[in-house]
Amino acid sequence: MPFEDVFPSHTFLRTESRFMSSGPRRWIFGFGTFWVVLLLQSAFLYSPMKCERGLCTRSTVWRRRAMAAMANPYQYMPTEPGKSSDQVGFEKLCTRWNQEEAEAVQRCKRTLQSGETTREAKILALNELEYWAMRRGGYDAEVILIGMLKDPDQEVSGQAHISLKKTWAAHFNMWVNTRVDHGRVLMKEKRLDEALKIFDKVAFENPLWGEGYHLRAKCWNAMKDVDKTIEDLRKALEFCPNNYLVMVELGITLMDKKKAYAEAASLFKRALDLCPFLPVESFLRDLFKKVPGLQEEWDAEKKANEFSLTEPPARLLPDSWVHRFEATERPNQAFLRVGGELEQWFAEVRRREADAATQRKLWSVLVIKWDPDKWPRELRSFTTQVHEALKARRERELAKAQPEAIEQWKDKDDEEFEEAQAEYDEVQRLWIKRKERKNHDPGFQLKNGPTLREGKDGRN
């Protein structure tokens with residue numbers, strides 16, 4: 001088609017004349033829009049906002065923050081040789097992120113542990129914990145979610161289960177999640193070789209992420225390679241020790257393919273300890289029929305781990321953990337596993353409403369048993385982490401058990417604002433008292449001089 005037919009000259013002429021005919025209306029509309037946007041922006045900038053000095057406008061708060069940031073121009077200058085300002089800034093950013101995560105996780109924890117919290121508020125707190133566990137890969141959020149699996153409210157415990165499944169299946173890096181989704185699609189299309197290449201790359205680039213090995217194990221299982229399936233499931237459980245879904249899958253594989261009934265029974269026990277509503281009863285019945293002796297061991301261990309306010313259960317004592325491979329080779333993962341068990345026990349103690357004396361006795365037993373000086377040097381890292389966590393948690397729990405020492409959870413800004421307000425009220429009270437005395441006693445000013453808010457001439 002010729003160029004003139006595509007862009008005829010009269011088209012531009014019509015457009016120009018149409019624009020010129022509606023020129024005044026366009027100018028009026030543009031002028032009105034400008035003033036509306038300006039008014040809305042002014043209303044937003046000068047709207048009241050809480051700050052450390054009471055109620056301020058948003059523009060004032062932002063100006064103060066900008067001036068505080070500019071007060072120290074050398075805050076991002078490196079103090080060590082070999083460091084750049086980018087590294088220092090990134091470290092400060094990571095520190096701020098960690099602080100935000102810790103504050104948010106503690107706020108959610110207080111919401112879940114409060115007896116006056118509604119179900120809706122608890123579910124919202126679980127959703128926020130899920131966000132932090134997925135975004136930052138935080139162990140603290142995961143441990144608190146595990147502690148809510150035994151909540152008597154089925155909706156709350158079910159939401160905790162769903163949040164944990166999402167947390168374990170997602171990586172904090174969205175590019176990794178994109179590759180994983182691509183691999184899952186290839187597996188559904190039976191293109192197993194291509195999916196295996198993707199999962200190999202994910203596991204190689206993220207060696208501490210347990211779900212990468214879990215996905216590769218599923219691919220090996222679809223390819224009928226039992227040995228590599230079991231190997232990757234063990235690796236997934238090594239780097240994500242609280243993943244009870246992997247425990248069940250590994251137990252079923254060992255029971256069906258390798259006839260390793262004792263190890264399968266141990267995995268089912270650990271999974272049920274964490275999540276009591278897992279549907280594994282049929283597997284346990286088949287297991288007990290094949291090996292009757294496992295039923296007696298199961299009942300004996302279940303009786304030893306029954307909850308009691310006289311002593312902690314056996315699964316929380318170091319004798320149940322120090323002989324494991326993770327205690328020496330993977331102390332952080334072992335600590336995460338113990339933390340999940342302890343969090344569930346803490347929740348049960350709170351629900352039983354134990355008094356301060358009972359709690360002090362239980363905490364003393366745990367703290368003494370986990371003393372790192374009582375164990376070999378190779379266990380020092382693992383036992384020290386558990387011991388320090390127990391001591392810190394003991395002080396908080398015992399403080400909350402005291403009726404006269406109710407802990408008030410307040411933000412730092414709120415506390416500073418209340419302190420400043422109290423000091424201001426005290427100054428005001430003294431000034432009013434002084435003013436009243438001056439009005440009733442004419443010689444008061446001659447004896448005491450001008451007041452705080454009076455000049456040398458005696459006027460305000």
# chains A, B, ... in the order shown; residues from 1 in each chain; ligands from 1
>>> residues_around(residues="segment 310-324 of chain A", least_positions_apart="4", cutoff="9 Å", atoms="only C-alpha atoms", output="PyMOL selection string")
chain A and resi 301+304-306+328+334+338+341-342+345+358+361-363+365-366+369-370+375+379+382-383
>>> write_last_selection(atoms="N, CA, C and O atoms", output="PDB file, in the first residue's frame")
ATOM      1  N   GLU A 301       7.425 -44.949  74.380  1.00  0.00           N
ATOM      2  CA  GLU A 301       7.910 -43.603  74.092  1.00  0.00           C
ATOM      3  C   GLU A 301       6.795 -42.570  74.196  1.00  0.00           C
ATOM      4  O   GLU A 301       7.017 -41.441  74.652  1.00  0.00           O
ATOM      5  N   ALA A 304       6.376 -41.839  77.827  1.00  0.00           N
ATOM      6  CA  ALA A 304       7.473 -41.028  78.368  1.00  0.00           C
ATOM      7  C   ALA A 304       7.362 -39.568  77.948  1.00  0.00           C
ATOM      8  O   ALA A 304       7.855 -38.686  78.655  1.00  0.00           O
ATOM      9  N   ASN A 305       6.713 -39.297  76.822  1.00  0.00           N
ATOM     10  CA  ASN A 305       6.596 -37.930  76.311  1.00  0.00           C
ATOM     11  C   ASN A 305       5.259 -37.287  76.628  1.00  0.00           C
ATOM     12  O   ASN A 305       4.936 -36.239  76.070  1.00  0.00           O
ATOM     13  N   GLU A 306       4.464 -37.904  77.493  1.00  0.00           N
ATOM     14  CA  GLU A 306       3.190 -37.297  77.881  1.00  0.00           C
ATOM     15  C   GLU A 306       3.448 -36.010  78.654  1.00  0.00           C
ATOM     16  O   GLU A 306       4.400 -35.902  79.431  1.00  0.00           O
ATOM     17  N   THR A 328      26.431 -32.359  66.061  1.00  0.00           N
ATOM     18  CA  THR A 328      27.836 -31.984  65.878  1.00  0.00           C
ATOM     19  C   THR A 328      28.117 -31.383  64.507  1.00  0.00           C
ATOM     20  O   THR A 328      28.929 -30.460  64.384  1.00  0.00           O
ATOM     21  N   ALA A 334      19.986 -28.486  64.113  1.00  0.00           N
ATOM     22  CA  ALA A 334      19.549 -29.216  65.304  1.00  0.00           C
ATOM     23  C   ALA A 334      18.880 -28.272  66.302  1.00  0.00           C
ATOM     24  O   ALA A 334      17.872 -28.621  66.936  1.00  0.00           O
ATOM     25  N   VAL A 338      15.082 -28.515  67.885  1.00  0.00           N
ATOM     26  CA  VAL A 338      14.758 -28.452  69.308  1.00  0.00           C
ATOM     27  C   VAL A 338      13.861 -27.247  69.602  1.00  0.00           C
ATOM     28  O   VAL A 338      12.948 -27.323  70.434  1.00  0.00           O
ATOM     29  N   GLU A 341      10.221 -28.092  69.081  1.00  0.00           N
ATOM     30  CA  GLU A 341       9.672 -28.899  70.176  1.00  0.00           C
ATOM     31  C   GLU A 341       9.450 -28.052  71.427  1.00  0.00           C
ATOM     32  O   GLU A 341       8.422 -28.171  72.108  1.00  0.00           O
ATOM     33  N   LEU A 342      10.421 -27.180  71.735  1.00  0.00           N
ATOM     34  CA  LEU A 342      10.283 -26.340  72.929  1.00  0.00           C
ATOM     35  C   LEU A 342       9.127 -25.359  72.793  1.00  0.00           C
ATOM     36  O   LEU A 342       8.406 -25.112  73.769  1.00  0.00           O
ATOM     37  N   TRP A 345       5.957 -27.084  73.587  1.00  0.00           N
ATOM     38  CA  TRP A 345       5.838 -27.342  75.027  1.00  0.00           C
ATOM     39  C   TRP A 345       5.506 -26.060  75.782  1.00  0.00           C
ATOM     40  O   TRP A 345       4.704 -26.059  76.717  1.00  0.00           O
ATOM     41  N   THR A 358       5.684 -23.772  89.858  1.00  0.00           N
ATOM     42  CA  THR A 358       5.776 -24.922  88.954  1.00  0.00           C
ATOM     43  C   THR A 358       6.617 -24.589  87.735  1.00  0.00           C
ATOM     44  O   THR A 358       7.463 -25.383  87.303  1.00  0.00           O
ATOM     45  N   LYS A 361      10.319 -24.533  88.569  1.00  0.00           N
ATOM     46  CA  LYS A 361      10.881 -25.874  88.701  1.00  0.00           C
ATOM     47  C   LYS A 361      11.154 -26.496  87.332  1.00  0.00           C
ATOM     48  O   LYS A 361      12.233 -27.062  87.092  1.00  0.00           O
ATOM     49  N   LEU A 362      10.204 -26.389  86.416  1.00  0.00           N
ATOM     50  CA  LEU A 362      10.383 -26.957  85.081  1.00  0.00           C
ATOM     51  C   LEU A 362      11.534 -26.289  84.343  1.00  0.00           C
ATOM     52  O   LEU A 362      12.362 -26.954  83.699  1.00  0.00           O
ATOM     53  N   TRP A 363      11.599 -24.965  84.437  1.00  0.00           N
ATOM     54  CA  TRP A 363      12.665 -24.243  83.739  1.00  0.00           C
ATOM     55  C   TRP A 363      14.029 -24.589  84.322  1.00  0.00           C
ATOM     56  O   TRP A 363      15.024 -24.685  83.596  1.00  0.00           O
ATOM     57  N   VAL A 365      14.989 -27.391  85.636  1.00  0.00           N
ATOM     58  CA  VAL A 365      15.401 -28.707  85.157  1.00  0.00           C
ATOM     59  C   VAL A 365      15.991 -28.605  83.756  1.00  0.00           C
ATOM     60  O   VAL A 365      17.065 -29.166  83.459  1.00  0.00           O
ATOM     61  N   LEU A 366      15.308 -27.883  82.875  1.00  0.00           N
ATOM     62  CA  LEU A 366      15.789 -27.767  81.491  1.00  0.00           C
ATOM     63  C   LEU A 366      17.110 -27.010  81.415  1.00  0.00           C
ATOM     64  O   LEU A 366      18.037 -27.417  80.695  1.00  0.00           O
ATOM     65  N   LYS A 369      19.959 -29.222  82.745  1.00  0.00           N
ATOM     66  CA  LYS A 369      20.256 -30.356  81.865  1.00  0.00           C
ATOM     67  C   LYS A 369      21.014 -29.924  80.617  1.00  0.00           C
ATOM     68  O   LYS A 369      21.866 -30.658  80.120  1.00  0.00           O
ATOM     69  N   TRP A 370      20.702 -28.724  80.093  1.00  0.00           N
ATOM     70  CA  TRP A 370      21.325 -28.265  78.853  1.00  0.00           C
ATOM     71  C   TRP A 370      22.581 -27.438  79.102  1.00  0.00           C
ATOM     72  O   TRP A 370      23.067 -26.776  78.170  1.00  0.00           O
ATOM     73  N   TRP A 375      28.797 -31.299  78.684  1.00  0.00           N
ATOM     74  CA  TRP A 375      28.846 -32.104  77.469  1.00  0.00           C
ATOM     75  C   TRP A 375      30.187 -31.914  76.772  1.00  0.00           C
ATOM     76  O   TRP A 375      30.897 -30.938  77.018  1.00  0.00           O
ATOM     77  N   LEU A 379      30.010 -30.796  71.135  1.00  0.00           N
ATOM     78  CA  LEU A 379      28.596 -30.442  71.282  1.00  0.00           C
ATOM     79  C   LEU A 379      28.407 -29.034  71.821  1.00  0.00           C
ATOM     80  O   LEU A 379      27.272 -28.636  72.090  1.00  0.00           O
ATOM     81  N   PHE A 382      25.997 -26.545  69.774  1.00  0.00           N
ATOM     82  CA  PHE A 382      24.581 -26.914  69.833  1.00  0.00           C
ATOM     83  C   PHE A 382      24.002 -26.670  71.220  1.00  0.00           C
ATOM     84  O   PHE A 382      22.958 -26.015  71.379  1.00  0.00           O
ATOM     85  N   THR A 383      24.666 -27.172  72.262  1.00  0.00           N
ATOM     86  CA  THR A 383      24.131 -27.051  73.623  1.00  0.00           C
ATOM     87  C   THR A 383      24.134 -25.597  74.097  1.00  0.00           C
ATOM     88  O   THR A 383      23.238 -25.189  74.849  1.00  0.00           O
TER      89      THR A 383
END
>>> closest_atom_pairs(of="segment 292-351 of chain A", to="segment 102-125 of chain A", cutoff="10 Å", atoms="only C-alpha atoms", output="JSON lines")
{"residue": "A:Phe346", "atom": "CA", "partner": "A:Gln113", "partner_atom": "CA", "distance": 9.9}
{"residue": "A:Ala347", "atom": "CA", "partner": "A:Gln113", "partner_atom": "CA", "distance": 7.7}
{"residue": "A:Arg350", "atom": "CA", "partner": "A:Gln113", "partner_atom": "CA", "distance": 8.2}
{"residue": "A:Arg351", "atom": "CA", "partner": "A:Gly115", "partner_atom": "CA", "distance": 9.1}
>>> write_last_selection(atoms="N, CA, C and O atoms", output="PDB file, in the first residue's frame")
ATOM      1  N   PHE A 346       6.117 -24.913  75.369  1.00  0.00           N
ATOM      2  CA  PHE A 346       5.788 -23.628  75.993  1.00  0.00           C
ATOM      3  C   PHE A 346       4.298 -23.318  75.854  1.00  0.00           C
ATOM      4  O   PHE A 346       3.645 -22.866  76.803  1.00  0.00           O
ATOM      5  N   ALA A 347       3.773 -23.545  74.659  1.00  0.00           N
ATOM      6  CA  ALA A 347       2.353 -23.255  74.422  1.00  0.00           C
ATOM      7  C   ALA A 347       1.465 -24.120  75.313  1.00  0.00           C
ATOM      8  O   ALA A 347       0.447 -23.645  75.847  1.00  0.00           O
ATOM      9  N   ARG A 350       1.472 -22.783  78.892  1.00  0.00           N
ATOM     10  CA  ARG A 350       0.611 -21.601  79.016  1.00  0.00           C
ATOM     11  C   ARG A 350      -0.855 -21.989  79.071  1.00  0.00           C
ATOM     12  O   ARG A 350      -1.631 -21.402  79.822  1.00  0.00           O
ATOM     13  N   ARG A 351      -1.237 -22.965  78.261  1.00  0.00           N
ATOM     14  CA  ARG A 351      -2.652 -23.369  78.263  1.00  0.00           C
ATOM     15  C   ARG A 351      -3.054 -24.019  79.583  1.00  0.00           C
ATOM     16  O   ARG A 351      -4.203 -23.914  80.006  1.00  0.00           O
TER      17      ARG A 351
END
>>> closest_atom_pairs(of="segment 215-323 of chain A", to="segment 164-168 of chain A", cutoff="12 Å", atoms="only C-alpha atoms", output="CSV")
residue,atom,partner,partner_atom,distance
A:Leu215,CA,A:Trp168,CA,11.3
A:Ala236,CA,A:Trp168,CA,10.4
A:Leu237,CA,A:Trp168,CA,11.2
A:Phe239,CA,A:Trp168,CA,10.9
A:Cys240,CA,A:Trp168,CA,8.1
A:Pro241,CA,A:Trp168,CA,10.9
A:Asn242,CA,A:Trp168,CA,9.6
A:Asn243,CA,A:Trp168,CA,7.4
A:Tyr244,CA,A:Lys165,CA,9.7
A:Leu245,CA,A:Lys165,CA,8.4
A:Val246,CA,A:Trp168,CA,10.3
A:Leu274,CA,A:Leu164,CA,11.6
A:Cys275,CA,A:Leu164,CA,10.9
>>> write_last_selection(atoms="N, CA and C atoms", output="PDB file, in the first residue's frame")
ATOM      1  N   LEU A 215      12.420 -31.316  45.776  1.00  0.00           N
ATOM      2  CA  LEU A 215      11.892 -31.338  44.415  1.00  0.00           C
ATOM      3  C   LEU A 215      12.677 -32.307  43.532  1.00  0.00           C
ATOM      4  N   ALA A 236      17.198 -33.071  52.136  1.00  0.00           N
ATOM      5  CA  ALA A 236      16.138 -32.084  52.390  1.00  0.00           C
ATOM      6  C   ALA A 236      15.816 -32.008  53.874  1.00  0.00           C
ATOM      7  N   LEU A 237      15.793 -33.156  54.546  1.00  0.00           N
ATOM      8  CA  LEU A 237      15.501 -33.179  55.977  1.00  0.00           C
ATOM      9  C   LEU A 237      16.679 -32.661  56.791  1.00  0.00           C
ATOM     10  N   PHE A 239      18.688 -30.117  55.923  1.00  0.00           N
ATOM     11  CA  PHE A 239      18.715 -28.661  55.875  1.00  0.00           C
ATOM     12  C   PHE A 239      17.374 -28.027  56.268  1.00  0.00           C
ATOM     13  N   CYS A 240      16.340 -28.796  56.387  1.00  0.00           N
ATOM     14  CA  CYS A 240      15.048 -28.305  56.879  1.00  0.00           C
ATOM     15  C   CYS A 240      14.517 -29.328  57.875  1.00  0.00           C
ATOM     16  N   PRO A 241      15.062 -29.366  59.082  1.00  0.00           N
ATOM     17  CA  PRO A 241      14.796 -30.481  60.001  1.00  0.00           C
ATOM     18  C   PRO A 241      13.381 -30.540  60.547  1.00  0.00           C
ATOM     19  N   ASN A 242      12.599 -29.467  60.431  1.00  0.00           N
ATOM     20  CA  ASN A 242      11.228 -29.488  60.949  1.00  0.00           C
ATOM     21  C   ASN A 242      10.179 -29.797  59.883  1.00  0.00           C
ATOM     22  N   ASN A 243      10.599 -30.112  58.682  1.00  0.00           N
ATOM     23  CA  ASN A 243       9.658 -30.366  57.586  1.00  0.00           C
ATOM     24  C   ASN A 243       9.074 -31.762  57.755  1.00  0.00           C
ATOM     25  N   TYR A 244       7.936 -31.850  58.436  1.00  0.00           N
ATOM     26  CA  TYR A 244       7.316 -33.153  58.711  1.00  0.00           C
ATOM     27  C   TYR A 244       6.740 -33.787  57.449  1.00  0.00           C
ATOM     28  N   LEU A 245       6.505 -33.000  56.404  1.00  0.00           N
ATOM     29  CA  LEU A 245       6.036 -33.585  55.150  1.00  0.00           C
ATOM     30  C   LEU A 245       7.139 -34.449  54.520  1.00  0.00           C
ATOM     31  N   VAL A 246       8.376 -33.963  54.575  1.00  0.00           N
ATOM     32  CA  VAL A 246       9.494 -34.758  54.070  1.00  0.00           C
ATOM     33  C   VAL A 246       9.709 -35.987  54.949  1.00  0.00           C
ATOM     34  N   LEU A 274       5.390 -33.191  65.867  1.00  0.00           N
ATOM     35  CA  LEU A 274       5.280 -31.810  65.401  1.00  0.00           C
ATOM     36  C   LEU A 274       3.867 -31.454  64.968  1.00  0.00           C
ATOM     37  N   CYS A 275       3.245 -32.313  64.186  1.00  0.00           N
ATOM     38  CA  CYS A 275       1.905 -32.041  63.640  1.00  0.00           C
ATOM     39  C   CYS A 275       0.993 -33.208  63.991  1.00  0.00           C
TER      40      CYS A 275
END
>>> residues_around(residues="Leu149 of chain A", least_positions_apart="6", cutoff="8 Å", atoms="only C-alpha atoms", output="VMD selection string")
chain A and resid 156 to 158 160 to 161 274 to 276 344
>>> write_last_selection(atoms="C-alpha atoms", output="PDB file, in the first residue's frame")
ATOM      1  CA  VAL A 156      -5.634 -21.613  63.926  1.00  0.00           C
ATOM      2  CA  SER A 157      -3.642 -24.865  63.840  1.00  0.00           C
ATOM      3  CA  GLY A 158      -4.788 -25.509  60.262  1.00  0.00           C
ATOM      4  CA  ALA A 160      -0.297 -22.629  60.818  1.00  0.00           C
ATOM      5  CA  HIS A 161       0.013 -25.889  58.843  1.00  0.00           C
ATOM      6  CA  LEU A 274       5.280 -31.810  65.401  1.00  0.00           C
ATOM      7  CA  CYS A 275       1.905 -32.041  63.640  1.00  0.00           C
ATOM      8  CA  PRO A 276      -0.572 -34.267  65.513  1.00  0.00           C
ATOM      9  CA  GLN A 344       5.071 -26.444  71.416  1.00  0.00           C
TER      10      GLN A 344
END
>>> closest_residue(among="A:Phe34, A:Phe268, A:Phe199, A:Phe277", to="Pro152 of chain A", atoms="only C-alpha atoms")
A:Phe277
>>> atom_distance(atom1="atom CA of Ala265 of chain A", atom2="atom CA of Phe325 of chain A")
18.4 Å
>>> atom_distance(atom1="atom CA of Leu126 of chain A", atom2="atom CA of Leu278 of chain A")
19.7 Å
